[in-house]
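Below is one structure; the comments refer to it alone.
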Amino acid sequence: MTRPVILVVLDGLNHAVGHHAMGHLSALVEAGRGYTTHLDCELPAMSRPLYECLLTGDRPVDSGVVHNGIVRRSRGTSLFDLARGQGLATAAAAYHWVSELYVKAPFERTRDRFLDDPAAAIQAGIFYWQDHYPDDHLFSDAEALRQRHAPDFLLVHSMNIDDSGHRHGGDSPQYRNAARHTDIALADYLPRWLADGCQVMITADHGMNADRSHSGLLEEERRVPLWLFGDAFADPAGLHIQQTHLCGTLASVLGLTHDKPWHPELLTTTCTARVTSTAHAICDEEAGS
């Protein structure tokens, strides 16, 4: 039986702030109900290229989505595509760039804000275009999609932390408080997701620097947090995790056949996915590196 998977992307949250500002997530970890670690994002540390990385497992230099101004459909096979191709249901509450990557580009507000299309890679969606769209609204959108459509894979993507970072910088009270407010908003929904048996991964696409930007090599731009909740996940302590591993790891939790790079040591048991020999080779090589 498929375990529902929820991927939460907290746009622009660097590891340093995520480590000390997310009180509810930390409380769950301290109570033994989840795990936390960190990883370095791929380059460039920019949003649209890293949405594509998180959802296809492809590095920006391979996907061709190398900056935010590239507005087109993804040319890769996304987690949405894998799930739909193998009979699973998908949904997303996310920034409109996700719609452009996996549904239709360019985004038209009146046509594309609400999506209900059983034939699309993302079957059900609510998309927004203002970076300050409130995170508590966004999580409510996601929960409405979950209750109405019971997706096997749900993407939840918030922008408030990134928006505050661009306005005030990554070393500002506004940025840190935005992270705290997002944690509080998430606390209204994460417990019910876990009670319903969902497997939840929470991470960020990239971080934020004191210059109110990101795209380069500074630790505060590249290092992002990773939280894992649900009985599919194992303690990641000591593991070297690459951002390109996350798509394939979630595909394995969903029981999908795939050839994506993934990290088997992030999972508690052998995945139900009939992973191809290519995937095994990639996994073994990267896990040993």
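FYI, nothing fancy with the structure tokens labels: chains A, B, ... in order, residues from 1 per chain, ligands from 1 as they appear.
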
Exercise for the section: Can you pull out every residue within 7 Å of A:Tyr175, counting only C-alpha atoms, but drop anything in the same chain fewer than 3 positions away, and send it as an MDAnalysis selection string? Expected result: chainID A and resid 161 164:165 168:170 172 178:179

Those same residues, written as an mmCIF file, in the first residue's frame with C-alpha atoms?
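Resulting contents of part_28.cif:
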```cif
data_model
loop_
_atom_site.group_PDB
_atom_site.id
_atom_site.type_symbol
_atom_site.label_atom_id
_atom_site.label_comp_id
_atom_site.auth_asym_id
_atom_site.auth_seq_id
_atom_site.Cartn_x
_atom_site.Cartn_y
_atom_site.Cartn_z
ATOM 1 C CA ILE A 161 10.970 33.346 4.349
ATOM 2 C CA SER A 164 11.704 38.525 3.992
ATOM 3 C CA GLY A 165 15.307 37.661 3.163
ATOM 4 C CA HIS A 168 15.822 42.646 4.829
ATOM 5 C CA GLY A 169 18.745 40.214 4.433
ATOM 6 C CA GLY A 170 19.548 36.808 5.845
ATOM 7 C CA SER A 172 17.976 40.309 10.080
ATOM 8 C CA ALA A 178 9.593 34.932 9.116
ATOM 9 C CA ALA A 179 11.069 31.480 9.769
#
```

If you take only C-alpha atoms and a cut-off of 9 Å, which residues of stretch 141-163 of chain A touch stretch 92-116 of chain A, and what are their nearest atom pairs and distances in Å to one decimal, in chain and number order, as a Markdown table?
```
| residue | atom | partner | partner_atom | distance |
| --- | --- | --- | --- | --- |
| A:Asp141 | CA | A:Ala93 | CA | 6.2 |
| A:Ala142 | CA | A:Ala93 | CA | 5.2 |
| A:Glu143 | CA | A:Ala93 | CA | 9.0 |
| A:Leu145 | CA | A:Ala93 | CA | 7.8 |
| A:Phe153 | CA | A:Ala92 | CA | 8.4 |
| A:Leu154 | CA | A:Ala92 | CA | 5.4 |
| A:Leu155 | CA | A:Ala92 | CA | 4.5 |
| A:Val156 | CA | A:Ala93 | CA | 5.1 |
| A:His157 | CA | A:Ala94 | CA | 4.6 |
| A:Ser158 | CA | A:Ala94 | CA | 6.7 |
| A:Met159 | CA | A:Tyr95 | CA | 7.5 |
```

Practice task
Would you please work out which residue, of A:Asp163, A:Glu221, A:Asp81, A:Asp196, is nearest to A:Cys247 when using only C-alpha atoms?
Solution key: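 Result for the nearest residue to A:Cys247: A:Asp81.
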
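Within stretch 96-260 of chain A, DSSP run on the backbone puts these residues in strand (DSSP E): A:Phe114, A:Leu115, A:Asp116, A:Ala124, A:Gly125, A:Ile126, A:Phe127, A:Tyr128, A:Phe153, A:Leu154, A:Leu155, A:Val156, A:His157, A:Ser158, A:Gln199, A:Val200, A:Met201, A:Ile202, A:Thr203, A:Arg223, A:Val224, A:Pro225, A:Leu226, A:Trp227, A:Leu228, A:Phe229.
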
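Nearest to A:Ala83 of all the residues A:Asn14, A:Thr2, A:Asn160, A:Asn177 is A:Thr2, based on only C-alpha atoms.
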
Exercise for the section: For stretch 202-218 of chain A, please output as a PyMOL selection string all residues within 7 Å (counting only C-alpha atoms; exclusion window: fewer than 6 positions along the same chain). Expected result: chain A and resi 7-14+41+44-47+50-51+165-171+224-228

Using N, CA, C and O atoms, can you write the selected residues to a file as a compact mmCIF listing (two decimals), in the first residue's frame?
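As written to disk, again.txt reads:
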```txt
# COMPACT_ATOMS: atom_id res chain seq x y z
N LEU A 7 6.07 16.71 0.37
CA LEU A 7 7.33 17.45 0.30
C LEU A 7 7.03 18.90 0.56
O LEU A 7 6.28 19.54 -0.19
N VAL A 8 7.61 19.45 1.63
CA VAL A 8 7.45 20.86 1.98
C VAL A 8 8.76 21.58 1.66
O VAL A 8 9.81 21.23 2.20
N VAL A 9 8.69 22.57 0.79
CA VAL A 9 9.85 23.38 0.43
C VAL A 9 9.68 24.77 1.02
O VAL A 9 8.76 25.50 0.64
N LEU A 10 10.54 25.11 1.98
CA LEU A 10 10.52 26.43 2.61
C LEU A 10 11.54 27.30 1.89
O LEU A 10 12.74 27.29 2.20
N ASP A 11 11.07 28.03 0.93
CA ASP A 11 11.94 28.76 0.01
C ASP A 11 12.84 29.74 0.76
O ASP A 11 12.39 30.54 1.58
N GLY A 12 14.16 29.65 0.49
CA GLY A 12 15.11 30.62 1.00
C GLY A 12 15.56 30.43 2.43
O GLY A 12 16.25 31.30 2.98
N LEU A 13 15.23 29.30 3.05
CA LEU A 13 15.59 29.08 4.46
C LEU A 13 16.99 28.48 4.56
O LEU A 13 17.21 27.34 4.15
N ASN A 14 17.95 29.22 5.12
CA ASN A 14 19.27 28.64 5.29
C ASN A 14 19.33 27.78 6.56
O ASN A 14 18.48 27.89 7.46
N CYS A 41 22.92 22.81 -1.25
CA CYS A 41 22.15 22.82 -2.49
C CYS A 41 23.08 22.84 -3.70
O CYS A 41 24.26 23.17 -3.61
N PRO A 44 23.46 26.99 -9.74
CA PRO A 44 23.43 28.17 -8.88
C PRO A 44 22.34 28.05 -7.81
O PRO A 44 21.33 27.39 -8.03
N ALA A 45 22.59 28.69 -6.67
CA ALA A 45 21.65 28.64 -5.55
C ALA A 45 20.49 29.59 -5.82
O ALA A 45 20.35 30.65 -5.20
N MET A 46 19.66 29.21 -6.79
CA MET A 46 18.53 30.03 -7.21
C MET A 46 17.28 29.17 -7.27
O MET A 46 17.34 27.94 -7.41
N SER A 47 16.12 29.82 -7.21
CA SER A 47 14.87 29.10 -6.98
C SER A 47 14.46 28.17 -8.11
O SER A 47 14.32 26.96 -7.92
N LEU A 50 16.48 25.13 -8.73
CA LEU A 50 16.49 24.15 -7.65
C LEU A 50 15.12 23.54 -7.41
O LEU A 50 15.03 22.43 -6.86
N TYR A 51 14.03 24.18 -7.83
CA TYR A 51 12.75 23.46 -7.86
C TYR A 51 12.90 22.26 -8.80
O TYR A 51 12.46 21.15 -8.50
N GLY A 165 13.87 37.60 3.38
CA GLY A 165 15.31 37.66 3.16
C GLY A 165 15.69 38.65 2.08
O GLY A 165 16.67 39.40 2.22
N HIS A 166 14.91 38.68 1.00
CA HIS A 166 15.20 39.63 -0.08
C HIS A 166 14.92 41.08 0.35
O HIS A 166 15.57 42.00 -0.12
N ARG A 167 13.97 41.26 1.24
CA ARG A 167 13.64 42.61 1.69
C ARG A 167 14.62 43.11 2.76
O ARG A 167 14.96 44.30 2.80
N HIS A 168 15.09 42.21 3.64
CA HIS A 168 15.82 42.65 4.83
C HIS A 168 17.18 41.97 5.02
O HIS A 168 17.96 42.42 5.88
N GLY A 169 17.47 40.92 4.29
CA GLY A 169 18.74 40.21 4.43
C GLY A 169 18.64 38.99 5.32
O GLY A 169 17.76 38.89 6.18
N GLY A 170 19.56 38.07 5.12
CA GLY A 170 19.55 36.81 5.84
C GLY A 170 20.00 36.93 7.28
O GLY A 170 19.83 35.98 8.06
N ASP A 171 20.61 38.07 7.66
CA ASP A 171 21.01 38.30 9.05
C ASP A 171 20.19 39.45 9.60
O ASP A 171 20.72 40.50 9.97
N VAL A 224 21.30 24.14 3.53
CA VAL A 224 19.87 24.18 3.85
C VAL A 224 19.52 23.03 4.78
O VAL A 224 20.20 22.00 4.82
N PRO A 225 18.45 23.19 5.56
CA PRO A 225 18.05 22.13 6.48
C PRO A 225 17.27 21.02 5.79
O PRO A 225 16.74 21.20 4.68
N LEU A 226 17.20 19.89 6.46
CA LEU A 226 16.38 18.76 6.01
C LEU A 226 15.77 18.11 7.24
O LEU A 226 16.49 17.73 8.17
N TRP A 227 14.44 18.03 7.26
CA TRP A 227 13.72 17.32 8.32
C TRP A 227 12.98 16.15 7.70
O TRP A 227 12.44 16.26 6.58
N LEU A 228 12.93 15.04 8.42
CA LEU A 228 12.27 13.82 7.96
C LEU A 228 11.31 13.34 9.03
O LEU A 228 11.70 13.12 10.18
```

Exercise for the section: Based on DSSP run over this structure's backbone, return all residues of stretch 44-206 of chain A in helix (DSSP H, G or I), as a PyMOL selection string. Expected result: chain A and resi 47-56+60-63+79-85+96-102+109-112+135-149+160-168+173-186+190-195

Practice task
For A:Thr56, please output as number ranges by chain all residues within 10 Å (counting only C-alpha atoms; exclusion window: fewer than 3 positions along the same chain).
Solution key: A: 50-53, 59, 63, 74-82, 244-248, 260-261

Practice task
Figure out the distance between atom CA of A:Trp262 and atom CA of A:His19, please, to one decimal in Å.
Solution key: 24.2 Å

Problem - Nearest-residue call for A:Leu190, choices A:Ala251, A:Leu54, A:Ala16, A:Leu28, using only C-alpha atoms - result: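 The closest residue to A:Leu190 is A:Leu28.
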
Handout entry: Closest of A:Ile70, A:Leu88, A:Leu254, A:Ala195 to A:His149 - atom-to-atom distances counting only C-alpha atoms
Key = A:Leu88

Practice task
May I have the residues within 6 Å of A:Val200 as a PyMOL selection string, using only C-alpha atoms and disregarding those fewer than 2 positions away in the same chain?
Solution key: chain A and resi 5-7+229

Problem - Among the residues A:Gly125, A:Pro118, A:Gly87, A:Gly57, the one that comes closest to A:Gly255 [using only C-alpha atoms] - result: A:Gly87

Practice task
One decimal, Å: what's the distance from atom CA of A:Arg3 over to atom CA of A:Asp136, could you say?
Solution key: 25.2 Å

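Here atom CA of A:Arg180 stands at a distance of 16.1 Å from atom CA of A:Tyr133.
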
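Shortest separation to A:Gln242 among A:Gly32, A:Leu39, A:Ser26, A:Asp117 occurs at residue A:Leu39, atoms counted being only C-alpha atoms.
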